Amino acid sequence: MGFGAPIPILRSFDERRTKAFYLDFLGFEVGFEHRFAPDMPLYMEVRRGGCALHLSEHYGDGAPGMAVRIAVDDVFAYAAELQSRAFENARPGAPVTQDWGMIELGVHDPSYNRLVFYTPVAGA
């Protein structure tokens, strides 16, 4: 029996800011959007490459402040991409080389979920 990659469900509160952050700033695309009715909370998927995240305005779907680690081919190139864009108060610094053999770049979304983009140190 095979398993697929897990898809985290992150809490969101503000559709406009969430879409601006994930689509315009991080460069993800919408996989799908769902509402049970026009005035109901949004549940959506965003994707970039092989990474999928679900973002939910529904009570009980995740809690603000979750952390997710996302592998990227080149964290330095992704950091430069993010630094070239502006999103409100999100201004990621330089990637940090960690003692555990990863180069990491952390950013917080508008609902204070922490996204850590990482690339293994070459040869580690």
# chains A, B, ... in the order shown; residues from 1 in each chain; ligands from 1
$ residues_around --residues "A:Asp73" --least-positions-apart "6" --cutoff "9 Å" --atoms "only C-alpha atoms" --output "MDAnalysis selection string"
chainID A and resid 118:120
$ residues_around --residues "A:Pro95" --least-positions-apart "4" --cutoff "12 Å" --atoms "only C-alpha atoms" --output "number ranges by chain"
A: 74-80, 82-83, 102-107, 116-121
$ select_by_dssp --residues "stretch 36-113 of chain A" --states "alpha helix (DSSP H)" --output "list of chain:residue names"
A:Val75, A:Phe76, A:Ala77, A:Tyr78, A:Ala79, A:Ala80, A:Glu81, A:Leu82, A:Gln83
$ write_last_selection --atoms "N, CA and C atoms" --output "PDB file, in the first residue's frame"
ATOM      1  N   VAL A  75      16.905  27.405  -2.119  1.00  0.00           N
ATOM      2  CA  VAL A  75      16.311  28.358  -1.176  1.00  0.00           C
ATOM      3  C   VAL A  75      16.859  29.767  -1.378  1.00  0.00           C
ATOM      4  N   PHE A  76      18.092  29.886  -1.865  1.00  0.00           N
ATOM      5  CA  PHE A  76      18.642  31.216  -2.117  1.00  0.00           C
ATOM      6  C   PHE A  76      17.913  31.897  -3.278  1.00  0.00           C
ATOM      7  N   ALA A  77      17.644  31.163  -4.339  1.00  0.00           N
ATOM      8  CA  ALA A  77      16.901  31.720  -5.479  1.00  0.00           C
ATOM      9  C   ALA A  77      15.479  32.081  -5.058  1.00  0.00           C
ATOM     10  N   TYR A  78      14.845  31.232  -4.236  1.00  0.00           N
ATOM     11  CA  TYR A  78      13.484  31.539  -3.798  1.00  0.00           C
ATOM     12  C   TYR A  78      13.483  32.767  -2.885  1.00  0.00           C
ATOM     13  N   ALA A  79      14.485  32.880  -2.013  1.00  0.00           N
ATOM     14  CA  ALA A  79      14.587  34.061  -1.150  1.00  0.00           C
ATOM     15  C   ALA A  79      14.720  35.321  -1.999  1.00  0.00           C
ATOM     16  N   ALA A  80      15.529  35.273  -3.048  1.00  0.00           N
ATOM     17  CA  ALA A  80      15.696  36.427  -3.927  1.00  0.00           C
ATOM     18  C   ALA A  80      14.380  36.764  -4.621  1.00  0.00           C
ATOM     19  N   GLU A  81      13.642  35.736  -5.032  1.00  0.00           N
ATOM     20  CA  GLU A  81      12.330  35.949  -5.663  1.00  0.00           C
ATOM     21  C   GLU A  81      11.390  36.673  -4.701  1.00  0.00           C
ATOM     22  N   LEU A  82      11.335  36.212  -3.457  1.00  0.00           N
ATOM     23  CA  LEU A  82      10.450  36.840  -2.466  1.00  0.00           C
ATOM     24  C   LEU A  82      10.901  38.253  -2.124  1.00  0.00           C
ATOM     25  N   GLN A  83      12.206  38.447  -2.018  1.00  0.00           N
ATOM     26  CA  GLN A  83      12.727  39.763  -1.664  1.00  0.00           C
ATOM     27  C   GLN A  83      12.469  40.786  -2.767  1.00  0.00           C
TER      28      GLN A  83
END
$ closest_atom_pairs --of "stretch 50-92 of chain A" --to "stretch 22-40 of chain A" --cutoff "10 Å" --atoms "only C-alpha atoms" --output "CSV"
residue,atom,partner,partner_atom,distance
A:Cys51,CA,A:Phe28,CA,9.0
A:Ala52,CA,A:Gly31,CA,8.2
A:Leu53,CA,A:Gly31,CA,9.2
A:His54,CA,A:Gly31,CA,9.2
A:Leu55,CA,A:Glu33,CA,9.5
A:Ser56,CA,A:His34,CA,9.6
A:Glu57,CA,A:Met40,CA,9.0
A:His58,CA,A:Met40,CA,8.7
A:Tyr78,CA,A:Leu26,CA,9.0
A:Ala79,CA,A:Leu26,CA,10.0
A:Glu81,CA,A:Leu26,CA,8.6
A:Leu82,CA,A:Phe25,CA,6.6
A:Gln83,CA,A:Phe25,CA,9.4
A:Ser84,CA,A:Phe25,CA,9.4
A:Arg85,CA,A:Phe25,CA,6.4
A:Ala86,CA,A:Phe25,CA,7.0
A:Phe87,CA,A:Phe25,CA,6.2
A:Glu88,CA,A:Phe25,CA,9.8
A:Ala90,CA,A:Phe25,CA,9.0
$ closest_residue --among "A:Asp109, A:Glu45, A:Asp99, A:Glu15" --to "A:Met66" --atoms "only C-alpha atoms"
A:Asp109
$ closest_residue --among "A:Pro41, A:Arg114, A:Phe3, A:Val72" --to "A:Pro92" --atoms "only C-alpha atoms"
A:Arg114
$ closest_residue --among "A:Ala20, A:Leu10, A:Met44, A:Ala122" --to "A:Asp61" --atoms "only C-alpha atoms"
A:Leu10
$ closest_residue --among "A:Leu115, A:Phe21, A:Gly62, A:Gly50" --to "A:Pro6" --atoms "only C-alpha atoms"
A:Gly50
$ select_by_dssp --residues "stretch 7-109 of chain A" --states "strand (DSSP E or B)" --output "short mmCIF file (atom, residue, chain, number, x, y, z; two decimals) with N, CA and C atoms, in the first residue's frame"
data_model
loop_
_atom_site.label_atom_id
_atom_site.label_comp_id
_atom_site.auth_asym_id
_atom_site.auth_seq_id
_atom_site.Cartn_x
_atom_site.Cartn_y
_atom_site.Cartn_z
N ILE A 9 -3.48 21.41 6.45
CA ILE A 9 -4.59 22.36 6.41
C ILE A 9 -4.22 23.50 7.35
N LEU A 10 -4.04 24.69 6.79
CA LEU A 10 -3.67 25.86 7.57
C LEU A 10 -4.88 26.77 7.72
N ARG A 11 -5.02 27.34 8.88
CA ARG A 11 -6.13 28.24 9.16
C ARG A 11 -5.90 29.57 8.46
N GLU A 29 -0.37 28.80 -7.06
CA GLU A 29 -1.56 28.90 -7.90
C GLU A 29 -2.72 28.24 -7.17
N VAL A 30 -3.93 28.66 -7.48
CA VAL A 30 -5.12 28.05 -6.88
C VAL A 30 -5.34 26.68 -7.50
N GLY A 31 -5.46 25.66 -6.66
CA GLY A 31 -5.83 24.32 -7.11
C GLY A 31 -7.34 24.21 -7.20
N PHE A 32 -8.02 24.67 -6.17
CA PHE A 32 -9.49 24.74 -6.15
C PHE A 32 -9.93 25.67 -5.05
N GLU A 33 -11.16 26.13 -5.15
CA GLU A 33 -11.83 26.90 -4.10
C GLU A 33 -13.18 26.26 -3.85
N HIS A 34 -13.61 26.21 -2.58
CA HIS A 34 -14.90 25.61 -2.26
C HIS A 34 -15.58 26.40 -1.15
N TYR A 43 -12.67 27.39 1.64
CA TYR A 43 -11.70 26.30 1.77
C TYR A 43 -11.03 26.22 0.41
N MET A 44 -9.71 26.36 0.38
CA MET A 44 -9.03 26.37 -0.91
C MET A 44 -7.71 25.62 -0.86
N GLU A 45 -7.28 25.20 -2.03
CA GLU A 45 -5.97 24.58 -2.18
C GLU A 45 -5.10 25.52 -2.99
N VAL A 46 -3.83 25.65 -2.56
CA VAL A 46 -2.83 26.35 -3.36
C VAL A 46 -1.71 25.36 -3.65
N ARG A 47 -1.10 25.53 -4.83
CA ARG A 47 -0.05 24.61 -5.26
C ARG A 47 1.10 25.37 -5.91
N ARG A 48 2.28 24.83 -5.73
CA ARG A 48 3.46 25.27 -6.46
C ARG A 48 4.36 24.06 -6.59
N CYS A 51 4.25 20.90 -4.22
CA CYS A 51 3.74 21.28 -2.90
C CYS A 51 2.28 21.69 -2.99
N ALA A 52 1.45 21.13 -2.14
CA ALA A 52 0.04 21.53 -2.03
C ALA A 52 -0.25 21.87 -0.57
N LEU A 53 -0.97 22.96 -0.38
CA LEU A 53 -1.42 23.39 0.95
C LEU A 53 -2.91 23.66 0.87
N HIS A 54 -3.63 23.31 1.92
CA HIS A 54 -5.05 23.67 2.01
C HIS A 54 -5.16 24.80 3.03
N LEU A 55 -5.98 25.78 2.69
CA LEU A 55 -6.20 26.95 3.54
C LEU A 55 -7.68 27.03 3.85
N SER A 56 -8.01 27.10 5.12
CA SER A 56 -9.41 27.01 5.52
C SER A 56 -9.82 28.13 6.47
N ALA A 67 3.17 25.34 11.84
CA ALA A 67 4.43 25.44 11.11
C ALA A 67 4.49 24.32 10.08
N VAL A 68 4.95 24.66 8.88
CA VAL A 68 5.07 23.70 7.79
C VAL A 68 6.44 23.87 7.16
N ARG A 69 7.11 22.76 6.90
CA ARG A 69 8.41 22.79 6.21
C ARG A 69 8.18 22.39 4.76
N ILE A 70 8.75 23.18 3.84
CA ILE A 70 8.55 22.97 2.41
C ILE A 70 9.91 22.93 1.73
N ALA A 71 10.23 21.80 1.11
CA ALA A 71 11.50 21.66 0.39
C ALA A 71 11.45 22.45 -0.91
N PHE A 87 5.01 42.36 0.07
CA PHE A 87 3.73 41.96 0.65
C PHE A 87 3.65 42.54 2.04
N ALA A 90 5.66 41.44 5.22
CA ALA A 90 6.47 40.23 5.04
C ALA A 90 7.72 40.60 4.24
N VAL A 96 19.21 30.97 6.31
CA VAL A 96 20.13 30.65 7.40
C VAL A 96 20.54 29.20 7.30
N THR A 97 21.85 28.94 7.39
CA THR A 97 22.36 27.57 7.41
C THR A 97 22.28 27.05 8.84
N MET A 102 20.53 21.95 7.01
CA MET A 102 19.53 22.57 6.14
C MET A 102 19.77 24.07 6.05
N ILE A 103 19.48 24.62 4.88
CA ILE A 103 19.49 26.07 4.70
C ILE A 103 18.02 26.47 4.67
N GLU A 104 17.61 27.36 5.56
CA GLU A 104 16.19 27.63 5.78
C GLU A 104 15.84 29.11 5.64
N LEU A 105 14.62 29.33 5.18
CA LEU A 105 14.06 30.67 5.08
C LEU A 105 12.65 30.59 5.66
N GLY A 106 12.39 31.33 6.73
CA GLY A 106 11.08 31.31 7.37
C GLY A 106 10.28 32.56 7.08
N VAL A 107 8.99 32.39 6.81
CA VAL A 107 8.07 33.52 6.65
C VAL A 107 6.76 33.17 7.34
N HIS A 108 6.05 34.19 7.80
CA HIS A 108 4.74 34.00 8.42
C HIS A 108 3.66 34.50 7.47
#
$ atom_distance --atom1 "atom CA of A:Asp14" --atom2 "atom CA of A:Gly93"
24.7 Å
$ decode --residues "stretch 18-30 of chain A" --atoms "all heavy atoms" --output "PDB file, in the first residue's frame"
ATOM      1  N   THR A  18      -4.974  36.468   2.366  1.00  0.00           N
ATOM      2  CA  THR A  18      -4.465  35.109   2.158  1.00  0.00           C
ATOM      3  C   THR A  18      -4.128  34.887   0.692  1.00  0.00           C
ATOM      4  O   THR A  18      -3.050  34.372   0.360  1.00  0.00           O
ATOM      5  CB  THR A  18      -5.496  34.074   2.648  1.00  0.00           C
ATOM      6  OG1 THR A  18      -5.664  34.232   4.058  1.00  0.00           O
ATOM      7  CG2 THR A  18      -5.041  32.659   2.354  1.00  0.00           C
ATOM      8  N   LYS A  19      -5.028  35.271  -0.203  1.00  0.00           N
ATOM      9  CA  LYS A  19      -4.756  35.109  -1.633  1.00  0.00           C
ATOM     10  C   LYS A  19      -3.575  35.968  -2.076  1.00  0.00           C
ATOM     11  O   LYS A  19      -2.719  35.514  -2.836  1.00  0.00           O
ATOM     12  CB  LYS A  19      -6.000  35.437  -2.451  1.00  0.00           C
ATOM     13  CG  LYS A  19      -7.049  34.354  -2.384  1.00  0.00           C
ATOM     14  CD  LYS A  19      -8.246  34.698  -3.244  1.00  0.00           C
ATOM     15  CE  LYS A  19      -9.246  33.548  -3.294  1.00  0.00           C
ATOM     16  NZ  LYS A  19     -10.416  33.886  -4.125  1.00  0.00           N
ATOM     17  N   ALA A  20      -3.517  37.202  -1.610  1.00  0.00           N
ATOM     18  CA  ALA A  20      -2.393  38.067  -1.977  1.00  0.00           C
ATOM     19  C   ALA A  20      -1.073  37.462  -1.519  1.00  0.00           C
ATOM     20  O   ALA A  20      -0.080  37.466  -2.252  1.00  0.00           O
ATOM     21  CB  ALA A  20      -2.580  39.465  -1.389  1.00  0.00           C
ATOM     22  N   PHE A  21      -1.053  36.907  -0.311  1.00  0.00           N
ATOM     23  CA  PHE A  21       0.174  36.326   0.230  1.00  0.00           C
ATOM     24  C   PHE A  21       0.594  35.079  -0.545  1.00  0.00           C
ATOM     25  O   PHE A  21       1.728  34.982  -1.020  1.00  0.00           O
ATOM     26  CB  PHE A  21      -0.010  35.993   1.722  1.00  0.00           C
ATOM     27  CG  PHE A  21       1.214  35.402   2.351  1.00  0.00           C
ATOM     28  CD1 PHE A  21       2.235  36.221   2.809  1.00  0.00           C
ATOM     29  CD2 PHE A  21       1.345  34.033   2.488  1.00  0.00           C
ATOM     30  CE1 PHE A  21       3.374  35.679   3.386  1.00  0.00           C
ATOM     31  CE2 PHE A  21       2.476  33.483   3.068  1.00  0.00           C
ATOM     32  CZ  PHE A  21       3.491  34.301   3.513  1.00  0.00           C
ATOM     33  N   TYR A  22      -0.309  34.110  -0.655  1.00  0.00           N
ATOM     34  CA  TYR A  22       0.058  32.834  -1.261  1.00  0.00           C
ATOM     35  C   TYR A  22       0.201  32.905  -2.781  1.00  0.00           C
ATOM     36  O   TYR A  22       1.092  32.259  -3.350  1.00  0.00           O
ATOM     37  CB  TYR A  22      -0.944  31.740  -0.873  1.00  0.00           C
ATOM     38  CG  TYR A  22      -0.700  31.236   0.521  1.00  0.00           C
ATOM     39  CD1 TYR A  22      -1.383  31.775   1.605  1.00  0.00           C
ATOM     40  CD2 TYR A  22       0.226  30.242   0.774  1.00  0.00           C
ATOM     41  CE1 TYR A  22      -1.151  31.340   2.896  1.00  0.00           C
ATOM     42  CE2 TYR A  22       0.471  29.784   2.058  1.00  0.00           C
ATOM     43  CZ  TYR A  22      -0.213  30.348   3.115  1.00  0.00           C
ATOM     44  OH  TYR A  22       0.030  29.912   4.395  1.00  0.00           O
ATOM     45  N   LEU A  23      -0.640  33.697  -3.448  1.00  0.00           N
ATOM     46  CA  LEU A  23      -0.609  33.742  -4.912  1.00  0.00           C
ATOM     47  C   LEU A  23       0.375  34.800  -5.418  1.00  0.00           C
ATOM     48  O   LEU A  23       1.282  34.480  -6.195  1.00  0.00           O
ATOM     49  CB  LEU A  23      -2.008  34.003  -5.462  1.00  0.00           C
ATOM     50  CG  LEU A  23      -3.113  33.052  -4.975  1.00  0.00           C
ATOM     51  CD1 LEU A  23      -4.441  33.430  -5.591  1.00  0.00           C
ATOM     52  CD2 LEU A  23      -2.771  31.595  -5.235  1.00  0.00           C
ATOM     53  N   ASP A  24       0.200  36.026  -4.993  1.00  0.00           N
ATOM     54  CA  ASP A  24       1.025  37.113  -5.519  1.00  0.00           C
ATOM     55  C   ASP A  24       2.432  37.130  -4.931  1.00  0.00           C
ATOM     56  O   ASP A  24       3.401  37.379  -5.639  1.00  0.00           O
ATOM     57  CB  ASP A  24       0.355  38.468  -5.256  1.00  0.00           C
ATOM     58  CG  ASP A  24      -1.036  38.554  -5.871  1.00  0.00           C
ATOM     59  OD1 ASP A  24      -1.299  37.862  -6.872  1.00  0.00           O
ATOM     60  OD2 ASP A  24      -1.860  39.322  -5.332  1.00  0.00           O
ATOM     61  N   PHE A  25       2.549  36.878  -3.635  1.00  0.00           N
ATOM     62  CA  PHE A  25       3.853  36.959  -2.978  1.00  0.00           C
ATOM     63  C   PHE A  25       4.637  35.647  -3.084  1.00  0.00           C
ATOM     64  O   PHE A  25       5.762  35.638  -3.578  1.00  0.00           O
ATOM     65  CB  PHE A  25       3.663  37.361  -1.513  1.00  0.00           C
ATOM     66  CG  PHE A  25       4.940  37.509  -0.737  1.00  0.00           C
ATOM     67  CD1 PHE A  25       5.925  38.398  -1.145  1.00  0.00           C
ATOM     68  CD2 PHE A  25       5.147  36.775   0.413  1.00  0.00           C
ATOM     69  CE1 PHE A  25       7.103  38.534  -0.424  1.00  0.00           C
ATOM     70  CE2 PHE A  25       6.312  36.915   1.148  1.00  0.00           C
ATOM     71  CZ  PHE A  25       7.298  37.793   0.724  1.00  0.00           C
ATOM     72  N   LEU A  26       4.044  34.531  -2.662  1.00  0.00           N
ATOM     73  CA  LEU A  26       4.768  33.260  -2.684  1.00  0.00           C
ATOM     74  C   LEU A  26       4.792  32.593  -4.057  1.00  0.00           C
ATOM     75  O   LEU A  26       5.596  31.689  -4.287  1.00  0.00           O
ATOM     76  CB  LEU A  26       4.184  32.278  -1.662  1.00  0.00           C
ATOM     77  CG  LEU A  26       4.292  32.671  -0.188  1.00  0.00           C
ATOM     78  CD1 LEU A  26       3.755  31.541   0.695  1.00  0.00           C
ATOM     79  CD2 LEU A  26       5.715  33.033   0.206  1.00  0.00           C
ATOM     80  N   GLY A  27       3.891  33.001  -4.949  1.00  0.00           N
ATOM     81  CA  GLY A  27       3.906  32.439  -6.295  1.00  0.00           C
ATOM     82  C   GLY A  27       3.186  31.116  -6.454  1.00  0.00           C
ATOM     83  O   GLY A  27       3.432  30.387  -7.415  1.00  0.00           O
ATOM     84  N   PHE A  28       2.273  30.799  -5.543  1.00  0.00           N
ATOM     85  CA  PHE A  28       1.468  29.591  -5.663  1.00  0.00           C
ATOM     86  C   PHE A  28       0.318  29.852  -6.632  1.00  0.00           C
ATOM     87  O   PHE A  28       0.039  31.005  -6.983  1.00  0.00           O
ATOM     88  CB  PHE A  28       0.914  29.169  -4.301  1.00  0.00           C
ATOM     89  CG  PHE A  28       1.905  28.456  -3.421  1.00  0.00           C
ATOM     90  CD1 PHE A  28       3.000  29.119  -2.895  1.00  0.00           C
ATOM     91  CD2 PHE A  28       1.733  27.119  -3.100  1.00  0.00           C
ATOM     92  CE1 PHE A  28       3.904  28.469  -2.073  1.00  0.00           C
ATOM     93  CE2 PHE A  28       2.624  26.453  -2.281  1.00  0.00           C
ATOM     94  CZ  PHE A  28       3.712  27.128  -1.773  1.00  0.00           C
ATOM     95  N   GLU A  29      -0.369  28.797  -7.058  1.00  0.00           N
ATOM     96  CA  GLU A  29      -1.560  28.896  -7.897  1.00  0.00           C
ATOM     97  C   GLU A  29      -2.721  28.243  -7.172  1.00  0.00           C
ATOM     98  O   GLU A  29      -2.521  27.329  -6.365  1.00  0.00           O
ATOM     99  CB  GLU A  29      -1.337  28.167  -9.226  1.00  0.00           C
ATOM    100  CG  GLU A  29      -0.232  28.752 -10.062  1.00  0.00           C
ATOM    101  CD  GLU A  29       0.014  27.951 -11.330  1.00  0.00           C
ATOM    102  OE1 GLU A  29      -0.520  26.819 -11.462  1.00  0.00           O
ATOM    103  OE2 GLU A  29       0.740  28.459 -12.188  1.00  0.00           O
ATOM    104  N   VAL A  30      -3.930  28.659  -7.476  1.00  0.00           N
ATOM    105  CA  VAL A  30      -5.121  28.051  -6.878  1.00  0.00           C
ATOM    106  C   VAL A  30      -5.342  26.680  -7.500  1.00  0.00           C
ATOM    107  O   VAL A  30      -5.391  26.545  -8.723  1.00  0.00           O
ATOM    108  CB  VAL A  30      -6.367  28.939  -7.093  1.00  0.00           C
ATOM    109  CG1 VAL A  30      -7.629  28.225  -6.601  1.00  0.00           C
ATOM    110  CG2 VAL A  30      -6.201  30.272  -6.386  1.00  0.00           C
TER     111      VAL A  30
END
